[in-house]
$ cat data-v2.pdb   # PDB, C-alpha atoms, pLDDT in the B column
ATOM      1  CA  MET A   1     192.680   1.915  17.468  1.00 51.00           C
ATOM      2  CA  ALA A   2     193.092   1.262  13.713  1.00 52.00           C
ATOM      3  CA  ASP A   3     193.313  -2.307  12.330  1.00 50.00           C
ATOM      4  CA  THR A   4     196.709  -1.549  10.864  1.00 51.00           C
ATOM      5  CA  ASP A   5     198.045  -0.888  14.351  1.00 60.00           C
ATOM      6  CA  THR A   6     197.409  -4.565  15.275  1.00 63.00           C
ATOM      7  CA  GLY A   7     198.984  -5.950  12.122  1.00 63.00           C
ATOM      8  CA  ALA A   8     195.626  -7.124  10.691  1.00 60.00           C
ATOM      9  CA  PRO A   9     194.740  -6.147   7.128  1.00 61.00           C
ATOM     10  CA  PRO A  10     192.372  -3.216   6.694  1.00 64.00           C
ATOM     11  CA  LYS A  11     188.621  -4.008   6.897  1.00 67.00           C
ATOM     12  CA  PRO A  12     187.941  -3.016   3.261  1.00 59.00           C
ATOM     13  CA  LEU A  13     190.554  -5.546   2.100  1.00 46.00           C
ATOM     14  CA  LEU A  14     188.987  -8.295   4.245  1.00 47.00           C
ATOM     15  CA  ILE A  15     185.521  -7.487   2.882  1.00 57.00           C
ATOM     16  CA  ALA A  16     186.812  -7.549  -0.709  1.00 47.00           C
ATOM     17  CA  ALA A  17     188.546 -10.916  -0.146  1.00 46.00           C
ATOM     18  CA  ALA A  18     185.378 -12.405   1.385  1.00 47.00           C
ATOM     19  CA  CYS A  19     183.281 -11.151  -1.557  1.00 35.00           C
ATOM     20  CA  LEU A  20     185.726 -12.663  -4.066  1.00 42.00           C
ATOM     21  CA  ALA A  21     185.628 -16.014  -2.250  1.00 44.00           C
ATOM     22  CA  VAL A  22     181.809 -16.018  -2.312  1.00 39.00           C
ATOM     23  CA  LEU A  23     181.795 -15.129  -6.031  1.00 39.00           C
ATOM     24  CA  LEU A  24     184.287 -17.897  -6.788  1.00 37.00           C
ATOM     25  CA  VAL A  25     182.200 -20.508  -4.949  1.00 36.00           C
ATOM     26  CA  ALA A  26     179.023 -19.286  -6.699  1.00 38.00           C
ATOM     27  CA  GLY A  27     180.754 -19.402 -10.099  1.00 38.00           C
ATOM     28  CA  VAL A  28     181.963 -22.963  -9.584  1.00 35.00           C
ATOM     29  CA  ALA A  29     178.481 -24.033  -8.468  1.00 37.00           C
ATOM     30  CA  VAL A  30     176.798 -22.425 -11.483  1.00 34.00           C
ATOM     31  CA  PHE A  31     179.355 -23.972 -13.849  1.00 37.00           C
ATOM     32  CA  GLY A  32     178.799 -27.418 -12.342  1.00 39.00           C
ATOM     33  CA  LEU A  33     175.021 -27.147 -12.592  1.00 35.00           C
ATOM     34  CA  THR A  34     174.901 -25.781 -16.131  1.00 35.00           C
ATOM     35  CA  ARG A  35     177.664 -27.825 -17.730  1.00 41.00           C
ATOM     36  CA  GLY A  36     175.643 -31.077 -17.890  1.00 41.00           C
ATOM     37  CA  ALA A  37     176.728 -34.291 -19.554  1.00 38.00           C
ATOM     38  CA  GLU A  38     179.230 -34.439 -22.388  1.00 39.00           C
ATOM     39  CA  PRO A  39     177.341 -34.472 -25.701  1.00 39.00           C
ATOM     40  CA  GLU A  40     179.326 -37.485 -26.988  1.00 43.00           C
ATOM     41  CA  ALA A  41     178.612 -39.615 -23.912  1.00 42.00           C
ATOM     42  CA  PRO A  42     175.759 -42.070 -24.495  1.00 42.00           C
ATOM     43  CA  ALA A  43     172.920 -42.033 -21.993  1.00 48.00           C
ATOM     44  CA  ALA A  44     173.115 -44.823 -19.431  1.00 57.00           C
ATOM     45  CA  ASP A  45     169.939 -46.389 -20.759  1.00 68.00           C
ATOM     46  CA  GLY A  46     170.219 -45.252 -24.386  1.00 89.00           C
ATOM     47  CA  PRO A  47     171.504 -47.310 -27.289  1.00 96.00           C
ATOM     48  CA  LEU A  48     175.273 -47.816 -27.456  1.00 97.00           C
ATOM     49  CA  PRO A  49     176.752 -46.482 -30.715  1.00 96.00           C
ATOM     50  CA  LEU A  50     179.455 -48.727 -32.187  1.00 96.00           C
ATOM     51  CA  VAL A  51     181.287 -48.461 -35.459  1.00 93.00           C
ATOM     52  CA  PRO A  52     181.112 -51.492 -37.724  1.00 93.00           C
ATOM     53  CA  VAL A  53     184.283 -53.505 -38.278  1.00 96.00           C
ATOM     54  CA  PRO A  54     184.867 -56.252 -40.845  1.00 97.00           C
ATOM     55  CA  ALA A  55     183.456 -59.466 -39.412  1.00 98.00           C
ATOM     56  CA  PRO A  56     183.096 -61.957 -42.279  1.00 98.00           C
ATOM     57  CA  GLN A  57     181.793 -64.766 -40.044  1.00 98.00           C
ATOM     58  CA  SER A  58     179.451 -62.679 -37.856  1.00 98.00           C
ATOM     59  CA  GLY A  59     176.423 -64.389 -39.414  1.00 98.00           C
ATOM     60  CA  SER A  60     177.726 -67.892 -38.667  1.00 98.00           C
ATOM     61  CA  PRO A  61     175.868 -70.404 -36.491  1.00 98.00           C
ATOM     62  CA  ASP A  62     178.833 -70.334 -34.062  1.00 98.00           C
ATOM     63  CA  CYS A  63     178.412 -66.572 -33.502  1.00 98.00           C
ATOM     64  CA  ALA A  64     174.642 -66.942 -33.140  1.00 98.00           C
ATOM     65  CA  LYS A  65     175.169 -69.643 -30.509  1.00 98.00           C
ATOM     66  CA  LEU A  66     177.752 -67.580 -28.624  1.00 98.00           C
ATOM     67  CA  VAL A  67     175.763 -64.328 -28.663  1.00 98.00           C
ATOM     68  CA  GLY A  68     172.651 -66.202 -27.516  1.00 98.00           C
ATOM     69  CA  ALA A  69     174.555 -67.609 -24.521  1.00 98.00           C
ATOM     70  CA  LEU A  70     176.085 -64.312 -23.347  1.00 98.00           C
ATOM     71  CA  PRO A  71     174.936 -63.022 -19.949  1.00 98.00           C
ATOM     72  CA  HIS A  72     172.764 -59.974 -19.363  1.00 98.00           C
ATOM     73  CA  GLU A  73     175.298 -58.640 -16.832  1.00 98.00           C
ATOM     74  CA  LEU A  74     179.053 -58.744 -16.290  1.00 98.00           C
ATOM     75  CA  THR A  75     180.955 -58.005 -13.103  1.00 96.00           C
ATOM     76  CA  SER A  76     183.841 -55.603 -13.562  1.00 94.00           C
ATOM     77  CA  SER A  77     186.019 -54.488 -10.628  1.00 92.00           C
ATOM     78  CA  GLY A  78     183.088 -55.026  -8.254  1.00 93.00           C
ATOM     79  CA  ASN A  79     180.615 -53.124 -10.481  1.00 94.00           C
ATOM     80  CA  THR A  80     177.725 -54.637 -12.409  1.00 96.00           C
ATOM     81  CA  LEU A  81     177.744 -53.850 -16.122  1.00 97.00           C
ATOM     82  CA  VAL A  82     174.340 -54.278 -17.755  1.00 97.00           C
ATOM     83  CA  ARG A  83     173.990 -55.388 -21.366  1.00 97.00           C
ATOM     84  CA  ARG A  84     173.180 -52.450 -23.644  1.00 97.00           C
ATOM     85  CA  LYS A  85     170.956 -52.123 -26.663  1.00 97.00           C
ATOM     86  CA  LEU A  86     173.097 -51.168 -29.663  1.00 97.00           C
ATOM     87  CA  ALA A  87     172.339 -48.107 -31.782  1.00 97.00           C
ATOM     88  CA  ASP A  88     171.256 -48.693 -35.382  1.00 96.00           C
ATOM     89  CA  PRO A  89     172.840 -49.768 -37.567  1.00 95.00           C
ATOM     90  CA  ALA A  90     174.040 -52.330 -35.033  1.00 95.00           C
ATOM     91  CA  PRO A  91     176.972 -54.505 -36.092  1.00 97.00           C
ATOM     92  CA  GLU A  92     175.953 -58.169 -36.328  1.00 97.00           C
ATOM     93  CA  ALA A  93     177.140 -60.536 -33.559  1.00 98.00           C
ATOM     94  CA  THR A  94     178.201 -57.624 -31.338  1.00 98.00           C
ATOM     95  CA  VAL A  95     177.260 -57.043 -27.692  1.00 98.00           C
ATOM     96  CA  GLY A  96     178.129 -54.247 -25.264  1.00 98.00           C
ATOM     97  CA  TRP A  97     177.895 -53.894 -21.502  1.00 98.00           C
ATOM     98  CA  GLY A  98     178.164 -50.817 -19.286  1.00 96.00           C
ATOM     99  CA  THR A  99     178.371 -47.078 -19.822  1.00 93.00           C
ATOM    100  CA  GLY A 100     181.241 -44.660 -20.278  1.00 91.00           C
ATOM    101  CA  ASP A 101     183.951 -47.038 -21.464  1.00 93.00           C
ATOM    102  CA  PRO A 102     181.861 -50.129 -22.219  1.00 97.00           C
ATOM    103  CA  VAL A 103     182.989 -53.722 -22.548  1.00 98.00           C
ATOM    104  CA  VAL A 104     182.323 -54.847 -26.138  1.00 98.00           C
ATOM    105  CA  LEU A 105     182.317 -58.347 -27.643  1.00 98.00           C
ATOM    106  CA  ARG A 106     182.467 -58.873 -31.417  1.00 98.00           C
ATOM    107  CA  CYS A 107     182.154 -62.334 -32.944  1.00 98.00           C
ATOM    108  CA  GLY A 108     183.131 -63.499 -36.428  1.00 98.00           C
ATOM    109  CA  LEU A 109     186.143 -61.270 -37.021  1.00 98.00           C
ATOM    110  CA  GLY A 110     188.995 -62.112 -39.365  1.00 98.00           C
ATOM    111  CA  LYS A 111     192.260 -63.500 -37.997  1.00 98.00           C
ATOM    112  CA  PRO A 112     194.022 -60.796 -35.978  1.00 98.00           C
ATOM    113  CA  PRO A 113     197.212 -59.746 -37.792  1.00 97.00           C
ATOM    114  CA  GLU A 114     199.058 -59.853 -34.441  1.00 98.00           C
ATOM    115  CA  LEU A 115     198.540 -63.640 -34.252  1.00 98.00           C
ATOM    116  CA  THR A 116     201.800 -65.327 -35.245  1.00 97.00           C
ATOM    117  CA  ARG A 117     203.581 -68.516 -34.245  1.00 97.00           C
ATOM    118  CA  THR A 118     205.568 -66.490 -31.678  1.00 97.00           C
ATOM    119  CA  SER A 119     202.590 -64.619 -30.175  1.00 98.00           C
ATOM    120  CA  GLN A 120     202.280 -64.711 -26.412  1.00 97.00           C
ATOM    121  CA  LEU A 121     198.909 -66.277 -25.640  1.00 98.00           C
ATOM    122  CA  ARG A 122     197.099 -66.459 -22.322  1.00 98.00           C
ATOM    123  CA  THR A 123     194.849 -69.375 -21.405  1.00 98.00           C
ATOM    124  CA  ILE A 124     191.846 -68.517 -19.245  1.00 97.00           C
ATOM    125  CA  ASP A 125     189.461 -71.341 -18.344  1.00 95.00           C
ATOM    126  CA  ASN A 126     190.817 -73.449 -21.246  1.00 97.00           C
ATOM    127  CA  VAL A 127     190.277 -70.661 -23.811  1.00 98.00           C
ATOM    128  CA  GLN A 128     193.334 -69.174 -25.551  1.00 98.00           C
ATOM    129  CA  TRP A 129     193.444 -65.379 -25.832  1.00 98.00           C
ATOM    130  CA  LEU A 130     195.754 -62.964 -27.636  1.00 98.00           C
ATOM    131  CA  GLN A 131     195.969 -59.562 -25.936  1.00 98.00           C
ATOM    132  CA  VAL A 132     196.375 -56.448 -28.102  1.00 98.00           C
ATOM    133  CA  GLU A 133     196.945 -53.257 -26.119  1.00 97.00           C
ATOM    134  CA  GLY A 134     195.182 -50.056 -27.101  1.00 95.00           C
ATOM    135  CA  GLU A 135     194.964 -46.559 -25.661  1.00 95.00           C
ATOM    136  CA  GLY A 136     193.084 -46.979 -22.375  1.00 96.00           C
ATOM    137  CA  THR A 137     191.779 -50.390 -23.467  1.00 97.00           C
ATOM    138  CA  ALA A 138     192.905 -53.867 -24.347  1.00 97.00           C
ATOM    139  CA  THR A 139     191.323 -56.101 -26.957  1.00 98.00           C
ATOM    140  CA  TRP A 140     191.510 -59.805 -26.264  1.00 98.00           C
ATOM    141  CA  PHE A 141     191.068 -62.147 -29.249  1.00 98.00           C
ATOM    142  CA  VAL A 142     189.878 -65.726 -28.825  1.00 98.00           C
ATOM    143  CA  VAL A 143     192.186 -67.647 -31.163  1.00 98.00           C
ATOM    144  CA  ASP A 144     191.381 -71.323 -30.577  1.00 98.00           C
ATOM    145  CA  ARG A 145     187.695 -71.543 -31.562  1.00 98.00           C
ATOM    146  CA  PRO A 146     185.930 -71.908 -34.953  1.00 98.00           C
ATOM    147  CA  VAL A 147     185.332 -68.126 -35.107  1.00 98.00           C
ATOM    148  CA  TYR A 148     187.603 -65.317 -33.980  1.00 98.00           C
ATOM    149  CA  THR A 149     185.988 -63.281 -31.229  1.00 98.00           C
ATOM    150  CA  ALA A 150     187.266 -60.062 -29.666  1.00 98.00           C
ATOM    151  CA  LEU A 151     186.512 -58.682 -26.222  1.00 98.00           C
ATOM    152  CA  THR A 152     187.501 -55.036 -25.780  1.00 98.00           C
ATOM    153  CA  VAL A 153     187.756 -53.928 -22.160  1.00 97.00           C
ATOM    154  CA  PRO A 154     188.815 -50.626 -20.601  1.00 97.00           C
ATOM    155  CA  ASP A 155     191.995 -50.730 -18.526  1.00 95.00           C
ATOM    156  CA  THR A 156     189.846 -50.176 -15.409  1.00 92.00           C
ATOM    157  CA  ALA A 157     187.664 -53.257 -15.998  1.00 92.00           C
ATOM    158  CA  GLY A 158     189.668 -55.855 -14.114  1.00 90.00           C
ATOM    159  CA  THR A 159     189.576 -59.543 -15.081  1.00 94.00           C
ATOM    160  CA  GLY A 160     185.907 -60.305 -14.346  1.00 96.00           C
ATOM    161  CA  PRO A 161     184.574 -59.812 -17.897  1.00 98.00           C
ATOM    162  CA  LEU A 162     187.391 -61.878 -19.407  1.00 97.00           C
ATOM    163  CA  GLN A 163     186.770 -64.762 -17.000  1.00 97.00           C
ATOM    164  CA  THR A 164     182.999 -64.735 -17.527  1.00 98.00           C
ATOM    165  CA  ILE A 165     183.287 -64.607 -21.320  1.00 98.00           C
ATOM    166  CA  SER A 166     185.916 -67.408 -21.231  1.00 98.00           C
ATOM    167  CA  ASP A 167     183.432 -69.603 -19.364  1.00 98.00           C
ATOM    168  CA  VAL A 168     180.686 -68.889 -21.915  1.00 98.00           C
ATOM    169  CA  ILE A 169     182.986 -69.491 -24.891  1.00 98.00           C
ATOM    170  CA  GLY A 170     184.348 -72.708 -23.378  1.00 98.00           C
ATOM    171  CA  ALA A 171     180.834 -74.021 -22.805  1.00 98.00           C
ATOM    172  CA  ASN A 172     179.508 -73.112 -26.264  1.00 98.00           C
ATOM    173  CA  LEU A 173     182.294 -73.295 -28.861  1.00 98.00           C
ATOM    174  CA  PRO A 174     184.618 -76.268 -29.374  1.00 98.00           C
ATOM    175  CA  ALA A 175     188.366 -75.762 -29.295  1.00 98.00           C
ATOM    176  CA  VAL A 176     190.176 -75.953 -32.652  1.00 98.00           C
ATOM    177  CA  PRO A 177     193.876 -75.925 -33.536  1.00 98.00           C
ATOM    178  CA  LEU A 178     195.453 -72.486 -33.889  1.00 97.00           C
ATOM    179  CA  ARG A 179     195.404 -71.101 -37.452  1.00 96.00           C
ATOM    180  CA  PHE A 180     198.416 -69.036 -38.448  1.00 92.00           C
TER
END
$ encode --input "data-v2.pdb" --output "structure tokens"
Amino acid sequence: MADTDTGAPPKPLLIAAACLAVLLVAGVAVFGLTRGAEPEAPAADGPLPLVPVPAPQSGSPDCAKLVGALPHELTSSGNTLVRRKLADPAPEATVGWGTGDPVVLRCGLGKPPELTRTSQLRTIDNVQWLQVEGEGTATWFVVDRPVYTALTVPDTAGTGPLQTISDVIGANLPAVPLRF
């Protein structure tokens, strides 16, 4: 009795379909193995490349004190982010944690242009922050200390880094009146 009499597809068609499925699986496996890491992605243990930004007070004693007090690790959404070595030329008074989308702190920046008398500020552990949204990140500026400091965090980071850095800033830099 022929396969077509039972309503099943012919054997050659079944064999061809099985061969195509095997080739597809093999192709996906080879692609996954040979693709490797993205060339722009920094190695997990390699130096973190950061572009310099104007930071006129980055060499100040306040920034030196703050950077010296920063932790080796941050907790972000239940993950541990380890402090990274920065690639040369490393911006002064700048620290990064984690891989992929790292958390980056920069001390000694100029006054953020978004800071006005009507800006919405958030107080975390007695430190006043101004949030500036970016694409996939937010940059939080400390606005009530002797030096402006920015903490850039990916949207997936949660509040852990912000809380930890607030504690360190509160313990090491005195509060000052807002400067508009």
$ closest_residue --input "data-v2.pdb" --among "A:Gly108, A:Pro49, A:Gly78, A:Gly158" --to "A:Cys63" --atoms "all atoms listed in the file"
A:Gly108
$ resolve_selection --input "data-v2.pdb" --expression "the PyMOL selection byres ((chain A and resi 165) around 9)" --output "PyMOL selection string"
chain A and resi 70-71+74+105+151+160-164+166-170
$ resolve_selection --input "data-v2.pdb" --expression "the PyMOL selection byres ((chain A and resi 174) around 12)" --output "list in words"
Asp62, Lys65, Leu66, Asn126, Val127, Gln128, Val142, Val143, Asp144, Arg145, Pro146, Val147, Val168, Ile169, Gly170, Ala171, Asn172, Leu173, Ala175, Val176 and Pro177 of chain A
$ write_last_selection --input "data-v2.pdb" --atoms "C-alpha atoms" --output "mmCIF file, in the frame of the given file"
data_model
loop_
_atom_site.group_PDB
_atom_site.id
_atom_site.type_symbol
_atom_site.label_atom_id
_atom_site.label_comp_id
_atom_site.auth_asym_id
_atom_site.auth_seq_id
_atom_site.Cartn_x
_atom_site.Cartn_y
_atom_site.Cartn_z
ATOM 1 C CA ASP A 62 178.833 -70.334 -34.062
ATOM 2 C CA LYS A 65 175.169 -69.643 -30.509
ATOM 3 C CA LEU A 66 177.752 -67.580 -28.624
ATOM 4 C CA ASN A 126 190.817 -73.449 -21.246
ATOM 5 C CA VAL A 127 190.277 -70.661 -23.811
ATOM 6 C CA GLN A 128 193.334 -69.174 -25.551
ATOM 7 C CA VAL A 142 189.878 -65.726 -28.825
ATOM 8 C CA VAL A 143 192.186 -67.647 -31.163
ATOM 9 C CA ASP A 144 191.381 -71.323 -30.577
ATOM 10 C CA ARG A 145 187.695 -71.543 -31.562
ATOM 11 C CA PRO A 146 185.930 -71.908 -34.953
ATOM 12 C CA VAL A 147 185.332 -68.126 -35.107
ATOM 13 C CA VAL A 168 180.686 -68.889 -21.915
ATOM 14 C CA ILE A 169 182.986 -69.491 -24.891
ATOM 15 C CA GLY A 170 184.348 -72.708 -23.378
ATOM 16 C CA ALA A 171 180.834 -74.021 -22.805
ATOM 17 C CA ASN A 172 179.508 -73.112 -26.264
ATOM 18 C CA LEU A 173 182.294 -73.295 -28.861
ATOM 19 C CA ALA A 175 188.366 -75.762 -29.295
ATOM 20 C CA VAL A 176 190.176 -75.953 -32.652
ATOM 21 C CA PRO A 177 193.876 -75.925 -33.536
#
$ axis_aligned_box --input "data-v2.pdb" --around "stretch 46-53 of chain A" --padding-each-side "8 Å" --output "AutoDock Vina command-line options"
--center_x 177.3 --center_y -49.4 --center_z -31.3 --size_x 30.1 --size_y 24.3 --size_z 29.9
$ resolve_selection --input "data-v2.pdb" --expression "the PyMOL selection byres ((chain A and resi 80) around 12)" --output "list in words"
Pro71, His72, Glu73, Leu74, Thr75, Ser76, Ser77, Gly78, Asn79, Leu81, Val82, Arg83, Trp97, Gly98, Thr99, Pro102, Val103, Ala157, Gly160 and Pro161 of chain A
$ residues_near_point --input "data-v2.pdb" --point "(192.5, -54.2, -18.9)" --cutoff "9 Å" --atoms "only C-alpha atoms" --output "PyMOL selection string"
chain A and resi 133+136-139+152-159
$ atom_distance --input "data-v2.pdb" --atom1 "atom CA of A:Ala64" --atom2 "atom CA of A:Thr149"
12.1 Å
$ residues_around --input "data-v2.pdb" --residues "stretch 88-92 of chain A" --least-positions-apart "3" --cutoff "8 Å" --atoms "only C-alpha atoms" --output "list in words"
Pro49, Leu50, Val51, Pro52, Val53, Ser58 and Gly59 of chain A
$ atom_distance --input "data-v2.pdb" --atom1 "atom CA of A:Thr123" --atom2 "atom CA of A:Phe180"
17.4 Å
$ atom_distance --input "data-v2.pdb" --atom1 "atom CA of A:Ser119" --atom2 "atom CA of A:Gln131"
9.3 Å
$ closest_residue --input "data-v2.pdb" --among "A:Leu86, A:Val132, A:Ala93, A:Leu178" --to "A:Leu109" --atoms "all atoms listed in the file"
A:Ala93
$ closest_residue --input "data-v2.pdb" --among "A:Val95, A:Phe141, A:Gly46, A:Glu135" --to "A:Pro113" --atoms "all atoms listed in the file"
A:Phe141
